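Structure first, commentary second.
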Amino acid sequence: MSGGAIVGGSSTATAGIRLSGLVKSFRGPDGPIRAVRGIDVEIAPGETVALLGPNGAGKSTTIDMLLGLLRPDEGSVSVFGRSPAQAVADGAVGGMLQTGELIRDLTVRELVAMIASLYPEPLGVEEALALAGISEIAAQRTQKLSGGQTQRVRLAVALVSDPELLVLDEPTVALDVEGRRAFWTTMRTFAARGKTVVFATHYLEEADAYADRVVLIAHGEIVADGPTTEIRAMVGTRTIRATLPGVDADALGALPGVSSAERRGEAVVLRCSDSDAAIRALLSAHADARDIEIAAAGLEQAFLALTGDG
Amino acid sequence: MPLLYTRYELLRTLRNRRFFLLSLGFPLVLYFVIVSPNRDVHDFDGSGISFAVYYMVGLASFGTMGAMLSCGGRIAAERAVGWNRQLRITPLTPRAYFRVKVLTGYMMAVISLLALYAAGISLGVSLTADEWLQMTGLILVGLVPFAALGILLGHLLTPDSIGPAMGGGISLLALLGGTWFPLAKHGFLHDLAQCVPSYWLVQASHVALGGRPWSTLGWVVMAAWTVVLGALAARAYRRDTGRI
């Protein structure tokens with residue numbers, strides 16, 4: 001792990017979820033691919049935690065191990081003091097996996113009822129349909145749904161078990177903006193019942209808006225773990241890019257609000273801790289700066305910065 | 001067995017029209033085409049069995065084999081859309097999952113079988129209650145290895161490849177089993193045929209002759225195929241799910 005990791009808020013939650021020293025490799029064409037390289041997370045009951053990271057960071061592999069779909073090469077998983085398999089068998093876990101469609105030849109209501117029947121204490125079928133916002137399409141056959149409707153039905157399938165732990169792997173990828181908002185409204189309503197929610201996403205805004213806590217993952221390792229405000233401060237840097245020939249990059253790096261500066265041909269790129277101060281200082285010192293762009297650092301860039309690959 | 005889950009699974013299978021075409025419509029049409037002109041042949045090919053009975057069981061073997069293997073098609077389809085992973089995070093055990101799948105196969109097989117029986121009766125097949133029961137029992141037992149084969153194929157193949165594989169496999173098994181015409185009573189082909197389970201399915205028609213329609217060899221062949229295919233299916237399942 002690199003420096004800069006924040007220690008998570010809860011550390012003594014024995015009855016919660018604990019991922020300890022998880023390691024998982026897959027066979028690849030060029031030797032083993034180390035998808036997860038040592039993940040340690042503890043999640044307290046009732047917490048909503050986002051696993052945030054770019055594609056290929058190891059989020060889905062981690063989630064598969066949390067759900068007992070994959071066996072870790074090293075390390076262990078404990079879900080409410082049980083193995084994932086036992087927690088699943090007890091009906092304590094509901095999940096919406098990253099990829100997946102529905103089986104055909106049933107109506108939405110029938111499919112949700114079919115899954116509900118497998119659990120000891122499910123929600124009512126109509127309640128689950130209403131919670132997922134799909135009461136109107138309950139009589140439709142599953143093979144006739146749009147992508148967004150299919151995602152909502154998959155959410156209902158995950159919710160109908162009334163699980164203590166709800167796990168969502170990139171649940172909003174197929175949804176438009178409106179669909180996303182509705183989806184998270186449902187999720188929040190559910191979390192408000194005191195449920196534990198773990199979701200994976202590569203959208204910083206989603207993690208920021210809907211999680212109590214963000215676990216930042218890159219290259220199969222935890223880069224940072226903390227409340228969303230702290231994570232946002234860590235990745236919320238901006239860059240200023242301007243055409244400014246003939247000025248020493250080191251001098252620019254010393255301007256207020258600038259944490260580092262780099263020359264790229266005619267242009268300079270300033271990585272800023274405070275872009276407002278930086279732009280004022282830049283323009284008063286170098287009024288001839290042209291083609292100025294100020295951009296929020298993308299998540300990818302933030303990861304690169306945090307993992308030290310930049 | 002989870003009752004409500006099973007009920008929806010059966011309902012879902014019954015709503016699949018493709019099945020009815022392949023496993024039910026095709027053998028039925030073929031039966032009438034083949035048997036109608038020959039309904040008065042009472043000693044088919046020197047076997048002592050009437051034409052109508054021979055092909056009733058022959059085509060029933062075809063339809064029921066298809067019904068059992070279509071289990072595999074459904075498993076392959078569910079794997080392709082990730083539904084099996086969704087089920088693995090429910091309390092449904094793998095054992096119950098397969099039990100229900102095999103049950104749906106048997107339900108479709110029984111529908112196919114009853115349709116062929118009705119067609120047979122309409123063309124003059126007449127057996128005692130005892131003979132009907134014994135024949136049905138043998139066919140249902142004879143389908144056990146095909147249930148294992150369906151589960152095996154469902155975990156080895158994709159929905160795209162399983163159709164041709166099943167079509168080819170069933171045709172070959174039907175040919176060796178004597179579905180289309182009785183095989184020579186001696187020689188290599190006869191010896192080979194006795195080693196495939198479909199042969200013994202078709203042999204269930206010999207109840208009409210009295211005595212034991214399956215020799216000891218028949219029971220041994222069925223048991224051996226069941227054990228081998230069952231072990232392979234279990235292995236394919238474990239490999240597919242990454243369990244050790």
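Residue numbers start at 1 in each chain; chains themselves are named A, B, ... in the order of the structure tokens; ligands are numbered from 1 in the order shown.
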Set the cut-off to 10 Å and count only C-alpha atoms: what are the residues of chain A that reach chain B? Output as a PyMOL selection string. chain A and resi 64+67-71+84-107+110-111+113-120+154+157-158+161
Close residues, Leu22 of chain B itself excluded, 12 Å, only C-alpha atoms, min 2 positions apart in chain, as a tab-separated table (two decimals) with N, CA and C atoms, in the first residue's frame:
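For reference, result_23.tsv as written:
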```
chain	number	residue	atom	x	y	z
B	16	ASN	N	-42.34	-22.41	-22.94
B	16	ASN	CA	-41.36	-22.37	-24.02
B	16	ASN	C	-41.89	-23.14	-25.23
B	17	ARG	N	-42.21	-22.41	-26.27
B	17	ARG	CA	-42.87	-23.03	-27.42
B	17	ARG	C	-41.91	-23.88	-28.24
B	18	ARG	N	-40.64	-23.51	-28.24
B	18	ARG	CA	-39.68	-24.25	-29.07
B	18	ARG	C	-39.67	-25.73	-28.68
B	19	PHE	N	-39.80	-25.95	-27.35
B	19	PHE	CA	-39.78	-27.32	-26.88
B	19	PHE	C	-40.90	-28.13	-27.52
B	20	PHE	N	-42.08	-27.53	-27.52
B	20	PHE	CA	-43.22	-28.29	-28.00
B	20	PHE	C	-43.06	-28.68	-29.47
B	24	LEU	N	-42.15	-32.56	-29.08
B	24	LEU	CA	-43.51	-33.09	-29.11
B	24	LEU	C	-44.04	-33.16	-30.54
B	25	GLY	N	-44.01	-32.04	-31.22
B	25	GLY	CA	-44.60	-31.97	-32.56
B	25	GLY	C	-43.89	-32.87	-33.55
B	26	PHE	N	-42.57	-32.80	-33.55
B	26	PHE	CA	-41.78	-33.53	-34.54
B	26	PHE	C	-41.98	-35.05	-34.44
B	27	PRO	N	-41.80	-35.65	-33.26
B	27	PRO	CA	-42.01	-37.11	-33.20
B	27	PRO	C	-43.46	-37.51	-33.47
B	28	LEU	N	-44.40	-36.66	-33.08
B	28	LEU	CA	-45.81	-37.00	-33.31
B	28	LEU	C	-46.12	-37.06	-34.80
B	29	VAL	N	-45.71	-36.02	-35.51
B	29	VAL	CA	-45.96	-35.98	-36.96
B	29	VAL	C	-45.29	-37.17	-37.63
B	30	LEU	N	-44.05	-37.40	-37.22
B	30	LEU	CA	-43.30	-38.51	-37.81
B	30	LEU	C	-44.00	-39.84	-37.55
B	59	LEU	N	-40.20	-43.48	-31.28
B	59	LEU	CA	-40.30	-42.03	-31.35
B	59	LEU	C	-40.46	-41.41	-29.97
B	62	PHE	N	-37.10	-40.83	-28.81
B	62	PHE	CA	-36.55	-39.62	-29.41
B	62	PHE	C	-37.05	-38.37	-28.68
B	63	GLY	N	-38.35	-38.30	-28.48
B	63	GLY	CA	-38.94	-37.13	-27.83
B	63	GLY	C	-38.48	-36.97	-26.39
B	64	THR	N	-38.40	-38.09	-25.67
B	64	THR	CA	-38.04	-37.99	-24.25
B	64	THR	C	-36.55	-37.69	-24.07
B	65	MET	N	-35.72	-38.26	-24.97
B	65	MET	CA	-34.29	-37.90	-24.92
B	65	MET	C	-34.15	-36.39	-25.11
B	66	GLY	N	-34.87	-35.86	-26.10
B	66	GLY	CA	-34.83	-34.43	-26.35
B	66	GLY	C	-35.29	-33.63	-25.14
B	67	ALA	N	-36.36	-34.13	-24.49
B	67	ALA	CA	-36.89	-33.43	-23.32
B	67	ALA	C	-35.86	-33.39	-22.19
B	69	LEU	N	-32.53	-33.73	-22.48
B	69	LEU	CA	-31.35	-32.94	-22.83
B	69	LEU	C	-31.66	-31.45	-22.89
B	70	SER	N	-32.93	-31.11	-23.11
B	70	SER	CA	-33.25	-29.67	-23.17
B	70	SER	C	-33.03	-29.01	-21.81
B	108	MET	N	-41.42	-32.72	-19.02
B	108	MET	CA	-41.55	-32.61	-20.46
B	108	MET	C	-41.50	-33.99	-21.11
B	109	ALA	N	-40.68	-34.87	-20.55
B	109	ALA	CA	-40.59	-36.23	-21.10
B	109	ALA	C	-41.93	-36.95	-20.96
B	112	SER	N	-44.36	-35.69	-23.53
B	112	SER	CA	-44.02	-36.25	-24.82
B	112	SER	C	-44.45	-37.72	-24.91
B	163	GLY	N	-27.39	-26.39	-29.16
B	163	GLY	CA	-28.44	-26.83	-30.07
B	163	GLY	C	-27.93	-27.86	-31.07
B	166	MET	N	-26.76	-31.07	-29.36
B	166	MET	CA	-27.85	-31.94	-28.92
B	166	MET	C	-28.54	-32.59	-30.10
B	167	GLY	N	-28.77	-31.80	-31.16
B	167	GLY	CA	-29.42	-32.35	-32.35
B	167	GLY	C	-28.62	-33.51	-32.92
B	170	ILE	N	-28.54	-36.52	-30.34
B	170	ILE	CA	-29.79	-37.28	-30.27
B	170	ILE	C	-29.99	-38.10	-31.53
```
Please, what distance in Å, to one decimal, runs between atom CA of Ala147 of chain B and atom CA of Ile111 of chain B? 16.0 Å
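If you look at atom CA of Gly226 of chain A and atom CA of Ser60 of chain A, they are 20.0 Å away from each other.
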Which residues come within 12 Å of Ala207 of chain A, counting only C-alpha atoms, excluding same-chain residues fewer than 6 positions away, as a PyMOL selection string? chain A and resi 48-53+170+172+184+198-201+213-216+226-229+231-232+299
At a cut-off of 6 Å, using only C-alpha atoms, what residues contact segment 256-265 of chain A? Leave out same-chain residues fewer than 6 positions from it and give the result as a count of residues only. 7
Write out as number ranges by chain each polymer residue whose atoms come within 10 Å of Ser47 of chain B, counting only C-alpha atoms; drop sequence neighbours fewer than 5 positions from it. B: 42, 54, 182, 206, 209
As a PDB file with N, CA and C atoms, in the first residue's frame, please: the residues near segment 175-177 of chain A (cut-off 8 Å, only C-alpha atoms, same-chain neighbours under 3 positions excluded).
```pdb
ATOM      1  N   GLY A 147     -33.415  -2.229 -20.992  1.00  0.00           N
ATOM      2  CA  GLY A 147     -32.231  -2.395 -20.140  1.00  0.00           C
ATOM      3  C   GLY A 147     -32.429  -1.806 -18.753  1.00  0.00           C
ATOM      4  N   GLY A 148     -33.026  -0.602 -18.713  1.00  0.00           N
ATOM      5  CA  GLY A 148     -33.247   0.058 -17.433  1.00  0.00           C
ATOM      6  C   GLY A 148     -34.243  -0.699 -16.569  1.00  0.00           C
ATOM      7  N   GLN A 151     -32.637  -3.738 -15.013  1.00  0.00           N
ATOM      8  CA  GLN A 151     -31.833  -3.411 -13.836  1.00  0.00           C
ATOM      9  C   GLN A 151     -32.704  -3.245 -12.596  1.00  0.00           C
ATOM     10  N   THR A 172     -25.525   0.808 -11.675  1.00  0.00           N
ATOM     11  CA  THR A 172     -26.192   1.829 -12.500  1.00  0.00           C
ATOM     12  C   THR A 172     -25.567   2.006 -13.868  1.00  0.00           C
ATOM     13  N   ARG A 180     -30.799   6.452 -12.835  1.00  0.00           N
ATOM     14  CA  ARG A 180     -29.820   6.414 -11.758  1.00  0.00           C
ATOM     15  C   ARG A 180     -30.363   7.038 -10.487  1.00  0.00           C
ATOM     16  N   ARG A 181     -31.008   8.179 -10.646  1.00  0.00           N
ATOM     17  CA  ARG A 181     -31.525   8.878  -9.478  1.00  0.00           C
ATOM     18  C   ARG A 181     -32.571   8.007  -8.779  1.00  0.00           C
TER      19      ARG A 181
END
```
Contact residues around Leu131 of chain A with only C-alpha atoms at 10 Å, ignoring same-chain residues under 4 positions, as a list of chain:residue names: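 Listed by chain and then number, they are A:Val125, A:Glu126, A:Glu127, A:Ser135, A:Arg152, A:Leu155, A:Ala156, A:Leu159, A:Val160, A:Phe183, A:Thr185, A:Thr186, A:Met187, A:Thr189, A:Phe190.
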Dump N, CA and C atoms for the selected residues as an mmCIF file, in the first residue's frame?
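This went into selection.cif:
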```cif
data_model
loop_
_atom_site.group_PDB
_atom_site.id
_atom_site.type_symbol
_atom_site.label_atom_id
_atom_site.label_comp_id
_atom_site.auth_asym_id
_atom_site.auth_seq_id
_atom_site.Cartn_x
_atom_site.Cartn_y
_atom_site.Cartn_z
ATOM 1 N N VAL A 125 -43.921 -9.659 -1.967
ATOM 2 C CA VAL A 125 -43.548 -9.461 -3.370
ATOM 3 C C VAL A 125 -43.969 -8.071 -3.834
ATOM 4 N N GLU A 126 -45.194 -7.661 -3.484
ATOM 5 C CA GLU A 126 -45.666 -6.344 -3.926
ATOM 6 C C GLU A 126 -44.828 -5.227 -3.309
ATOM 7 N N GLU A 127 -44.388 -5.439 -2.078
ATOM 8 C CA GLU A 127 -43.569 -4.419 -1.418
ATOM 9 C C GLU A 127 -42.226 -4.267 -2.145
ATOM 10 N N SER A 135 -43.835 -1.647 -9.995
ATOM 11 C CA SER A 135 -45.185 -2.196 -9.852
ATOM 12 C C SER A 135 -45.941 -2.172 -11.179
ATOM 13 N N ARG A 152 -33.857 -2.627 -12.777
ATOM 14 C CA ARG A 152 -34.762 -2.430 -11.642
ATOM 15 C C ARG A 152 -35.299 -3.760 -11.150
ATOM 16 N N LEU A 155 -32.741 -5.359 -9.181
ATOM 17 C CA LEU A 155 -32.687 -4.769 -7.837
ATOM 18 C C LEU A 155 -33.788 -5.368 -6.957
ATOM 19 N N ALA A 156 -34.977 -5.522 -7.517
ATOM 20 C CA ALA A 156 -36.078 -6.122 -6.754
ATOM 21 C C ALA A 156 -35.720 -7.547 -6.334
ATOM 22 N N LEU A 159 -33.505 -7.251 -3.432
ATOM 23 C CA LEU A 159 -34.135 -6.673 -2.232
ATOM 24 C C LEU A 159 -35.182 -7.577 -1.599
ATOM 25 N N VAL A 160 -35.810 -8.426 -2.405
ATOM 26 C CA VAL A 160 -36.989 -9.149 -1.930
ATOM 27 C C VAL A 160 -36.664 -10.079 -0.767
ATOM 28 N N PHE A 183 -32.874 4.834 -8.921
ATOM 29 C CA PHE A 183 -32.211 3.661 -8.359
ATOM 30 C C PHE A 183 -31.644 3.959 -6.978
ATOM 31 N N THR A 185 -32.427 6.376 -4.990
ATOM 32 C CA THR A 185 -33.491 6.681 -4.031
ATOM 33 C C THR A 185 -33.971 5.384 -3.372
ATOM 34 N N THR A 186 -34.179 4.375 -4.196
ATOM 35 C CA THR A 186 -34.572 3.066 -3.669
ATOM 36 C C THR A 186 -33.533 2.538 -2.699
ATOM 37 N N MET A 187 -32.299 2.618 -3.127
ATOM 38 C CA MET A 187 -31.211 2.061 -2.321
ATOM 39 C C MET A 187 -31.139 2.760 -0.969
ATOM 40 N N THR A 189 -33.591 4.321 0.618
ATOM 41 C CA THR A 189 -34.743 3.916 1.409
ATOM 42 C C THR A 189 -34.435 2.593 2.108
ATOM 43 N N PHE A 190 -33.809 1.701 1.368
ATOM 44 C CA PHE A 190 -33.499 0.388 1.924
ATOM 45 C C PHE A 190 -32.429 0.504 3.005
#
```
